[in-house]
$ cat query_17.cif   # mmCIF, C-alpha atoms (C1' of nucleotides)
data_work
loop_
_atom_site.label_atom_id
_atom_site.label_comp_id
_atom_site.auth_asym_id
_atom_site.auth_seq_id
_atom_site.Cartn_x
_atom_site.Cartn_y
_atom_site.Cartn_z
CA MET A 1 112.18 102.22 90.88
CA ASN A 2 113.52 105.47 89.54
CA ASP A 3 113.37 108.12 92.25
CA THR A 4 114.06 110.94 89.84
CA ALA A 5 111.20 110.11 87.48
CA ALA A 6 108.48 112.75 87.51
CA PRO A 7 105.06 111.41 88.41
CA LEU A 8 102.68 110.92 85.52
CA SER A 9 100.64 113.84 86.80
CA ALA A 10 103.40 116.32 85.83
CA SER A 11 102.26 116.56 82.23
CA VAL A 12 98.63 117.35 83.01
CA SER A 13 98.48 118.82 86.52
CA THR A 14 98.63 122.49 85.46
CA PRO A 15 95.51 122.51 83.23
CA LEU A 16 93.75 120.03 85.50
CA PHE A 17 94.32 122.13 88.62
CA ALA A 18 93.15 125.25 86.83
CA TRP A 19 90.01 123.40 85.80
CA TRP A 20 89.51 122.20 89.39
CA HIS A 21 89.75 125.68 90.85
CA ALA A 22 87.22 126.99 88.33
CA ASN A 23 84.77 124.09 88.37
CA ALA A 24 84.90 122.27 91.71
CA ARG A 25 81.44 121.79 93.16
CA ASP A 26 80.90 123.74 96.35
CA LEU A 27 80.05 120.73 98.51
CA PRO A 28 79.58 121.53 102.20
CA TRP A 29 82.29 119.16 103.41
CA ARG A 30 84.94 120.61 101.10
CA PHE A 31 87.48 123.40 101.54
CA GLY A 32 88.08 122.87 105.24
CA ARG A 33 84.54 123.65 106.31
CA THR A 34 84.02 120.51 108.36
CA THR A 35 85.84 118.15 110.69
CA PRO A 36 87.54 114.87 109.75
CA TRP A 37 84.44 113.14 111.13
CA GLY A 38 82.29 115.22 108.80
CA VAL A 39 84.46 114.15 105.88
CA LEU A 40 84.08 110.52 106.90
CA VAL A 41 80.29 110.84 107.06
CA SER A 42 80.27 112.33 103.56
CA GLU A 43 82.41 109.50 102.21
CA VAL A 44 80.24 106.76 103.70
CA MET A 45 77.07 108.39 102.42
CA SER A 46 78.66 108.72 98.98
CA GLN A 47 79.47 105.02 98.60
CA GLN A 48 77.58 103.93 95.48
CA THR A 49 75.46 107.07 95.73
CA GLN A 50 75.46 110.27 93.66
CA MET A 51 76.72 113.36 95.47
CA SER A 52 73.69 115.46 94.59
CA ARG A 53 71.52 113.10 96.60
CA VAL A 54 73.95 113.05 99.53
CA VAL A 55 74.16 116.79 100.27
CA PRO A 56 70.78 117.28 102.02
CA TYR A 57 71.16 114.06 104.00
CA TRP A 58 74.67 115.06 105.13
CA GLU A 59 73.53 118.50 106.27
CA GLY A 60 70.62 117.12 108.28
CA TRP A 61 72.74 114.33 109.73
CA MET A 62 75.59 116.59 110.83
CA ALA A 63 73.16 119.07 112.40
CA VAL A 64 71.88 116.30 114.69
CA TRP A 65 75.07 114.29 115.16
CA PRO A 66 78.09 116.58 114.56
CA ASP A 67 80.65 114.14 115.97
CA ALA A 68 81.25 110.48 116.73
CA ALA A 69 80.24 110.79 120.39
CA SER A 70 76.79 112.19 119.60
CA LEU A 71 76.08 109.54 116.95
CA ALA A 72 77.25 106.85 119.36
CA HIS A 73 74.41 107.72 121.72
CA ALA A 74 71.60 107.67 119.15
CA SER A 75 69.18 104.75 118.89
CA LYS A 76 69.36 102.47 115.87
CA ALA A 77 65.81 103.46 114.97
CA GLU A 78 66.80 107.13 114.83
CA VAL A 79 69.84 106.33 112.71
CA ILE A 80 67.94 104.14 110.26
CA THR A 81 65.17 106.72 109.95
CA ALA A 82 67.60 109.58 109.35
CA TRP A 83 69.30 107.51 106.64
CA GLY A 84 65.99 107.72 104.79
CA ARG A 85 66.10 106.60 101.19
CA LEU A 86 69.83 106.94 100.64
CA GLY A 87 70.04 103.20 100.04
CA TYR A 88 72.16 100.40 101.49
CA PRO A 89 70.95 101.08 105.05
CA ARG A 90 73.57 98.74 106.48
CA ARG A 91 75.92 101.67 105.88
CA ALA A 92 74.01 103.61 108.53
CA LEU A 93 74.43 100.90 111.15
CA ARG A 94 78.11 100.49 110.34
CA LEU A 95 78.63 104.23 110.58
CA GLN A 96 77.16 104.18 114.06
CA GLU A 97 79.28 101.17 115.03
CA CYS A 98 82.22 103.14 113.74
CA ALA A 99 81.17 106.15 115.83
CA ARG A 100 80.97 104.02 118.95
CA ALA A 101 84.41 102.57 118.33
CA VAL A 102 85.88 106.02 117.77
CA ALA A 103 84.14 107.49 120.82
CA ASP A 104 84.97 104.61 123.13
CA GLU A 105 88.41 103.55 121.97
CA CYS A 106 89.93 106.53 120.17
CA GLY A 107 89.05 109.45 122.42
CA ASP A 108 86.40 110.66 119.95
CA GLU A 109 89.09 111.35 117.32
CA LEU A 110 89.53 109.50 114.04
CA PRO A 111 92.74 107.49 113.65
CA ARG A 112 95.17 109.21 111.32
CA ASP A 113 96.64 106.05 109.81
CA TYR A 114 95.42 103.61 107.15
CA ASP A 115 95.41 100.51 109.35
CA GLY A 116 93.57 102.27 112.15
CA LEU A 117 90.91 103.56 109.77
CA THR A 118 90.34 100.31 107.86
CA ALA A 119 89.96 98.49 111.17
CA LEU A 120 86.77 100.49 111.78
CA PRO A 121 83.36 99.15 110.65
CA GLY A 122 82.30 100.24 107.18
CA ILE A 123 85.67 101.74 106.27
CA GLY A 124 87.51 99.99 103.45
CA ASP A 125 90.39 100.96 101.20
CA TYR A 126 88.67 103.81 99.40
CA THR A 127 87.14 105.51 102.44
CA ALA A 128 90.32 105.24 104.51
CA SER A 129 92.40 106.73 101.69
CA ALA A 130 89.87 109.49 101.10
CA VAL A 131 89.83 110.51 104.76
CA LEU A 132 93.62 110.51 104.97
CA SER A 133 93.88 112.63 101.83
CA PHE A 134 90.90 114.99 102.10
CA ALA A 135 90.62 115.38 105.88
CA PHE A 136 94.22 114.99 107.03
CA GLY A 137 96.16 116.12 103.97
CA GLU A 138 98.31 113.01 103.87
CA ARG A 139 99.95 111.91 100.63
CA ILE A 140 98.11 108.74 99.63
CA ALA A 141 96.64 107.52 96.36
CA VAL A 142 92.84 107.40 96.36
CA VAL A 143 91.35 104.71 94.13
CA ASP A 144 87.66 104.98 93.38
CA THR A 145 85.59 104.27 90.29
CA ASN A 146 86.10 107.79 88.88
CA ILE A 147 89.85 107.85 89.38
CA ARG A 148 90.22 104.35 87.93
CA ARG A 149 88.32 105.37 84.82
CA VAL A 150 90.12 108.69 84.32
CA LEU A 151 93.66 107.41 84.88
CA SER A 152 93.08 104.39 82.67
CA ARG A 153 91.74 106.50 79.83
CA LEU A 154 94.21 109.36 80.18
CA PHE A 155 97.44 107.39 80.56
CA LEU A 156 96.68 103.94 79.13
CA GLY A 157 94.10 104.81 76.50
CA VAL A 158 91.74 102.04 77.50
CA GLU A 159 88.61 101.63 79.58
CA SER A 160 88.98 100.39 83.15
CA ARG A 161 87.15 97.21 83.95
CA GLY A 162 84.36 96.69 86.40
CA GLY A 163 84.80 94.83 89.65
CA ALA A 164 87.42 95.37 92.32
CA ALA A 165 90.45 97.57 91.67
CA SER A 166 93.39 95.58 90.31
CA PRO A 167 96.97 95.84 91.62
CA ALA A 168 97.90 97.40 88.27
CA GLU A 169 95.35 100.16 88.80
CA ARG A 170 96.72 100.87 92.26
CA GLU A 171 100.23 101.01 90.84
CA LEU A 172 99.08 103.47 88.20
CA ALA A 173 97.43 105.66 90.83
CA ASN A 174 100.64 105.67 92.85
CA ARG A 175 102.78 106.50 89.82
CA ALA A 176 100.49 109.39 88.98
CA LEU A 177 100.36 110.91 92.46
CA PRO A 178 102.32 114.19 92.89
CA GLU A 179 105.20 114.04 95.35
CA ASP A 180 104.10 117.06 97.32
CA ALA A 181 101.43 116.21 99.89
CA ALA A 182 99.28 119.31 99.31
CA ARG A 183 99.39 118.79 95.56
CA SER A 184 98.54 115.12 95.96
CA VAL A 185 95.31 116.08 97.75
CA THR A 186 94.34 118.46 94.95
CA TRP A 187 95.23 115.78 92.42
CA ASN A 188 92.97 113.20 94.04
CA GLN A 189 90.08 115.63 94.27
CA ALA A 190 90.55 117.03 90.78
CA VAL A 191 90.81 113.65 89.06
CA MET A 192 87.76 112.40 90.92
CA GLU A 193 85.81 115.54 90.07
CA LEU A 194 86.84 115.32 86.42
CA GLY A 195 85.51 111.76 86.36
CA ALA A 196 82.23 112.85 87.90
CA LEU A 197 81.62 115.93 85.75
CA VAL A 198 83.50 115.51 82.45
CA CYS A 199 85.13 112.11 81.97
CA THR A 200 81.93 110.21 82.72
CA ALA A 201 81.43 106.53 82.08
CA LYS A 202 78.94 106.64 79.23
CA ALA A 203 79.30 110.07 77.62
CA PRO A 204 82.64 111.76 78.32
CA ALA A 205 82.61 115.45 77.35
CA CYS A 206 86.00 115.46 75.68
CA ASP A 207 85.25 118.79 74.01
CA VAL A 208 85.44 120.57 77.37
CA CYS A 209 88.08 118.39 79.00
CA PRO A 210 91.12 120.32 80.25
CA VAL A 211 93.49 117.42 79.52
CA ALA A 212 92.03 116.22 76.23
CA HIS A 213 95.24 117.29 74.43
CA ARG A 214 97.19 114.72 76.48
CA CYS A 215 94.56 111.99 76.59
CA ALA A 216 95.60 108.59 75.22
CA PHE A 217 91.98 107.45 75.12
CA LEU A 218 90.84 110.33 72.93
CA ALA A 219 93.91 109.97 70.71
CA ALA A 220 93.08 106.32 70.18
CA GLY A 221 89.54 107.13 69.11
CA ARG A 222 87.93 106.32 72.46
CA PRO A 223 88.06 102.51 71.95
CA GLY A 224 85.34 100.51 73.65
CA LEU A 225 83.32 103.53 74.74
CA GLY A 226 79.77 102.42 75.46
CA GLU A 227 80.64 98.75 75.67
CA ARG A 228 79.38 96.95 78.73
CA ARG A 229 82.17 96.90 81.30
CA THR A 230 80.35 95.20 84.13
CA ARG A 231 78.55 91.91 84.37
CA PRO A 232 74.80 92.11 83.69
CA ARG A 233 73.12 93.24 86.86
CA GLN A 234 70.19 91.51 88.42
CA ARG A 235 67.06 93.46 87.70
CA PHE A 236 65.86 95.52 90.66
CA GLN A 237 62.15 94.86 90.24
CA GLY A 238 61.22 91.79 92.22
CA THR A 239 64.59 91.37 93.91
CA ASP A 240 65.22 90.89 97.59
CA ARG A 241 66.71 94.36 97.60
CA GLN A 242 63.40 95.86 96.53
CA VAL A 243 61.46 93.83 99.09
CA ARG A 244 63.86 94.77 101.88
CA GLY A 245 63.48 98.40 100.89
CA ILE A 246 59.69 98.17 101.00
CA VAL A 247 59.68 96.58 104.46
CA LEU A 248 62.16 99.06 105.90
CA ASP A 249 60.34 102.01 104.39
CA ALA A 250 57.09 100.85 106.00
CA LEU A 251 58.79 100.72 109.41
CA ARG A 252 60.35 104.15 108.95
CA LYS A 253 56.93 105.64 108.37
CA LEU A 254 55.51 104.36 111.65
CA PRO A 255 54.85 106.93 114.37
CA GLY A 256 58.06 107.68 116.24
CA ASP A 257 58.94 106.88 119.83
CA VAL A 258 56.61 108.51 122.34
CA ARG A 259 59.47 108.73 124.81
CA GLY A 260 57.41 106.95 127.42
CA GLY A 261 58.57 104.27 129.78
CA ASN A 262 59.67 102.16 126.84
CA ALA A 263 62.85 104.01 125.94
CA GLY A 264 63.96 103.60 122.34
CA ALA A 265 61.10 101.33 121.41
CA GLY A 266 59.04 102.85 118.61
CA ALA A 267 55.77 101.58 117.24
CA SER A 268 55.65 98.21 115.54
CA LEU A 269 53.95 97.03 112.36
CA PRO A 270 51.43 94.20 112.97
CA ARG A 271 51.96 90.94 111.09
CA VAL A 272 48.71 91.41 109.19
CA GLN A 273 50.00 94.64 107.70
CA VAL A 274 53.44 93.17 107.11
CA GLU A 275 51.90 90.50 104.91
CA ARG A 276 50.28 93.15 102.73
CA LEU A 277 53.67 94.58 101.79
CA TRP A 278 54.57 91.82 99.30
CA LYS A 279 52.65 89.02 97.59
CA ASP A 280 55.34 86.34 97.62
CA ARG A 281 55.17 85.17 101.23
CA ALA A 282 58.30 83.05 101.09
CA GLN A 283 60.38 85.88 99.67
CA LEU A 284 58.88 88.34 102.14
CA ASP A 285 59.77 86.15 105.10
CA ALA A 286 63.26 85.53 103.78
CA CYS A 287 63.81 89.25 103.48
CA ILE A 288 62.46 89.88 106.96
CA ALA A 289 64.89 87.27 108.27
CA SER A 290 67.82 88.88 106.46
CA LEU A 291 66.87 92.34 107.73
CA ASP A 292 66.77 90.87 111.23
CA GLU A 293 70.19 89.28 110.74
CA ASP A 294 71.55 92.63 109.61
CA GLY A 295 70.22 94.26 112.77
CA LEU A 296 68.01 96.58 110.75
CA ILE A 297 64.71 95.36 112.24
CA GLU A 298 63.41 93.44 115.25
CA ILE A 299 60.86 90.64 115.02
CA GLN A 300 58.45 90.65 117.97
CA PRO A 301 57.09 87.40 119.44
CA ASP A 302 53.69 88.15 117.89
CA GLY A 303 55.24 88.52 114.44
CA SER A 304 55.04 92.30 114.29
CA LEU A 305 58.10 94.25 113.15
CA ARG A 306 59.81 97.40 114.38
CA LEU A 307 63.02 99.31 114.05
CA PRO A 308 65.57 98.31 116.70
CA ALA A 309 66.17 100.40 119.79
"C1'" DT B 1 81.99 86.98 93.30
"C1'" DT B 2 77.85 88.20 95.05
"C1'" DC B 3 74.82 90.65 97.81
"C1'" DC B 4 73.44 94.94 99.61
"C1'" DG B 5 68.92 100.52 97.67
"C1'" DG B 6 67.30 103.61 95.06
"C1'" DG B 7 67.69 107.52 91.98
"C1'" DT B 8 69.43 109.42 87.55
"C1'" DT B 9 70.57 109.28 82.88
"C1'" DA B 10 71.07 108.19 77.90
"C1'" DT C 1 65.40 99.34 79.29
"C1'" DA C 2 69.77 99.11 81.76
"C1'" DA C 3 74.17 100.93 83.10
"C1'" DC C 4 75.89 103.67 86.44
"C1'" DC C 5 76.89 105.68 90.93
"C1'" DA C 6 83.20 109.06 95.98
"C1'" DG C 7 82.24 100.76 98.09
"C1'" DG C 8 82.30 97.25 101.90
"C1'" DA C 9 82.02 92.71 103.54
"C1'" DA C 10 81.43 87.79 103.48
#
$ encode --input "query_17.cif" --output "structure tokens"
Amino acid sequence: MNDTAAPLSASVSTPLFAWWHANARDLPWRFGRTTPWGVLVSEVMSQQTQMSRVVPYWEGWMAVWPDAASLAHASKAEVITAWGRLGYPRRALRLQECARAVADECGDELPRDYDGLTALPGIGDYTASAVLSFAFGERIAVVDTNIRRVLSRLFLGVESRGGAASPAERELANRALPEDAARSVTWNQAVMELGALVCTAKAPACDVCPVAHRCAFLAAGRPGLGERRTRPRQRFQGTDRQVRGIVLDALRKLPGDVRGGNAGAGASLPRVQVERLWKDRAQLDACIASLDEDGLIEIQPDGSLRLPA
DNA sequence: TTCCGGGTTA
DNA sequence: TAACCAGGAA
């Protein structure tokens, strides 16, 4: 390890930072306008989800539950309903489990260290790194799909592969990270933003890229651009994921809790109506069972379904 | 490795 | 049509 070697970012940080300051999207959780908890909520909502879809959900969510303590006291039904059609609703339950852990065990303040963050439900390597960098200003390499793609193209001249991040990709991210903590935060954000807006997966806009003149991928003739980098996905139509979504959406649309003597218990969907949601009875019942196992629904003794209290 | 939503884009 | 998306967990 050569301590005197300049990080890889040195050759491109000036034009990249200028681009960032001129083109960064004005997202509501950026530029110090929210709390670390608000940053965490934005990161969880953004997992496998485009930012443009996240913004309205984040604003509504934070207006109702601005901190971990308030979210900890919500009912599951409220949380699942507020998650709406963002997708992967297990993220909503994990976020609330996380809120309860933070409120009960951490004095309603997020841990400021990697191990403490990754120990929380729903927080893995990416989200922990992002919170440390973006909310706390710590110097840590963030490795997400955008950063993997940009660093691989820019410095190695090849496409990154699908699947989990490799140790080599983490090493590259660490070698690229500026030494100065404040600059490392800008670097993470700028590289990620470049990947989202310019250096996109299918159609990178190299003609407007601020670091095109230093890009190994462009110099090499953009090898492999457009080739399939991930394993063929299962089709969505007819999958368990679609069926689960249909069932959950039906429960979300039920009349809300009347706040009577049955606290937290909303209306339920009768079995007869449940069976109309999907033709394949076996698949429907399997999906209902898996939703129940995930804690996303409750199965009543009479076979009707409802969102959990 | 596979499962977990649902919307957008080329 | 199908890849892709600020991933996490088993």
$ interface_residues --input "query_17.cif" --of "chain C" --to "chain A" --cutoff "6 Å" --atoms "all atoms listed in the file" --output "PyMOL selection string"
chain C and resi 5-7
$ write_last_selection --input "query_17.cif" --atoms "C-alpha atoms (C1' of nucleotides)" --output "PDB file, keeping the file's coordinate frame"
ATOM      1  C1'  DC C   5      76.890 105.680  90.930  1.00  0.00           C
ATOM      2  C1'  DA C   6      83.200 109.060  95.980  1.00  0.00           C
ATOM      3  C1'  DG C   7      82.240 100.760  98.090  1.00  0.00           C
TER       4       DG C   7
END
$ resolve_selection --input "query_17.cif" --expression "the PyMOL selection byres ((chain B and resi 5-9) around 10)" --output "PyMOL selection string"
(chain A and resi 48-50+53+85-89+202+236+241-242+244-245) or (chain B and resi 4+10) or (chain C and resi 3-5)
$ write_last_selection --input "query_17.cif" --atoms "C-alpha atoms (C1' of nucleotides)" --output "compact mmCIF listing (two decimals), keeping the file's coordinate frame"
# COMPACT_ATOMS: atom_id res chain seq x y z
CA GLN A 48 77.58 103.93 95.48
CA THR A 49 75.46 107.07 95.73
CA GLN A 50 75.46 110.27 93.66
CA ARG A 53 71.52 113.10 96.60
CA ARG A 85 66.10 106.60 101.19
CA LEU A 86 69.83 106.94 100.64
CA GLY A 87 70.04 103.20 100.04
CA TYR A 88 72.16 100.40 101.49
CA PRO A 89 70.95 101.08 105.05
CA LYS A 202 78.94 106.64 79.23
CA PHE A 236 65.86 95.52 90.66
CA ARG A 241 66.71 94.36 97.60
CA GLN A 242 63.40 95.86 96.53
CA ARG A 244 63.86 94.77 101.88
CA GLY A 245 63.48 98.40 100.89
C1' DC B 4 73.44 94.94 99.61
C1' DA B 10 71.07 108.19 77.90
C1' DA C 3 74.17 100.93 83.10
C1' DC C 4 75.89 103.67 86.44
C1' DC C 5 76.89 105.68 90.93
$ atom_distance --input "query_17.cif" --atom1 "CA of Pro7 (chain A)" --atom2 "CA of Arg33 (chain A)"
29.9 Å
$ atom_distance --input "query_17.cif" --atom1 "CA of Ala92 (chain A)" --atom2 "CA of Ala141 (chain A)"
26.0 Å
$ residues_around --input "query_17.cif" --residues "Val150 (chain A)" --least-positions-apart "3" --cutoff "7 Å" --atoms "only C-alpha atoms (C1' of nucleotides)" --output "PyMOL selection string"
chain A and resi 146-147+153-154+191+195+199
$ write_last_selection --input "query_17.cif" --atoms "C-alpha atoms" --output "PDB file, in the coordinates of the input"
ATOM      1  CA  ASN A 146      86.100 107.790  88.880  1.00  0.00           C
ATOM      2  CA  ILE A 147      89.850 107.850  89.380  1.00  0.00           C
ATOM      3  CA  ARG A 153      91.740 106.500  79.830  1.00  0.00           C
ATOM      4  CA  LEU A 154      94.210 109.360  80.180  1.00  0.00           C
ATOM      5  CA  VAL A 191      90.810 113.650  89.060  1.00  0.00           C
ATOM      6  CA  GLY A 195      85.510 111.760  86.360  1.00  0.00           C
ATOM      7  CA  CYS A 199      85.130 112.110  81.970  1.00  0.00           C
TER       8      CYS A 199
END
$ atom_distance --input "query_17.cif" --atom1 "CA of Glu105 (chain A)" --atom2 "CA of Val64 (chain A)"
22.1 Å
$ resolve_selection --input "query_17.cif" --expression "the PyMOL selection byres ((chain A and resi 34) around 12)" --output "mmCIF file with C-alpha atoms, in the frame of the given file"
data_model
loop_
_atom_site.group_PDB
_atom_site.id
_atom_site.type_symbol
_atom_site.label_atom_id
_atom_site.label_comp_id
_atom_site.auth_asym_id
_atom_site.auth_seq_id
_atom_site.Cartn_x
_atom_site.Cartn_y
_atom_site.Cartn_z
ATOM 1 C CA LEU A 27 80.050 120.730 98.510
ATOM 2 C CA PRO A 28 79.580 121.530 102.200
ATOM 3 C CA TRP A 29 82.290 119.160 103.410
ATOM 4 C CA ARG A 30 84.940 120.610 101.100
ATOM 5 C CA PHE A 31 87.480 123.400 101.540
ATOM 6 C CA GLY A 32 88.080 122.870 105.240
ATOM 7 C CA ARG A 33 84.540 123.650 106.310
ATOM 8 C CA THR A 35 85.840 118.150 110.690
ATOM 9 C CA PRO A 36 87.540 114.870 109.750
ATOM 10 C CA TRP A 37 84.440 113.140 111.130
ATOM 11 C CA GLY A 38 82.290 115.220 108.800
ATOM 12 C CA VAL A 39 84.460 114.150 105.880
ATOM 13 C CA LEU A 40 84.080 110.520 106.900
ATOM 14 C CA VAL A 41 80.290 110.840 107.060
ATOM 15 C CA SER A 42 80.270 112.330 103.560
ATOM 16 C CA TRP A 58 74.670 115.060 105.130
ATOM 17 C CA GLU A 59 73.530 118.500 106.270
ATOM 18 C CA MET A 62 75.590 116.590 110.830
ATOM 19 C CA ALA A 63 73.160 119.070 112.400
ATOM 20 C CA PRO A 66 78.090 116.580 114.560
ATOM 21 C CA ASP A 67 80.650 114.140 115.970
ATOM 22 C CA PHE A 134 90.900 114.990 102.100
ATOM 23 C CA ALA A 135 90.620 115.380 105.880
ATOM 24 C CA PHE A 136 94.220 114.990 107.030
#
$ residues_around --input "query_17.cif" --residues "DT1 (chain B)" --least-positions-apart "3" --cutoff "12 Å" --atoms "all atoms listed in the file" --output "PDB file with C-alpha atoms (C1' of nucleotides), in the frame of the given file"
ATOM      1  CA  GLY A 163      84.800  94.830  89.650  1.00  0.00           C
ATOM      2  CA  ALA A 164      87.420  95.370  92.320  1.00  0.00           C
ATOM      3  CA  ARG A 231      78.550  91.910  84.370  1.00  0.00           C
TER       4      ARG A 231
ATOM      5  C1'  DA C   9      82.020  92.710 103.540  1.00  0.00           C
ATOM      6  C1'  DA C  10      81.430  87.790 103.480  1.00  0.00           C
TER       7       DA C  10
END
$ closest_residue --input "query_17.cif" --among "A:Glu138, A:Glu109, A:Gly84, A:Arg276" --to "chain B" --atoms "all atoms listed in the file"
A:Gly84
$ closest_residue --input "query_17.cif" --among "A:Leu248, A:Val12, A:Leu277, A:Val102" --to "chain B" --atoms "all atoms listed in the file"
A:Leu248
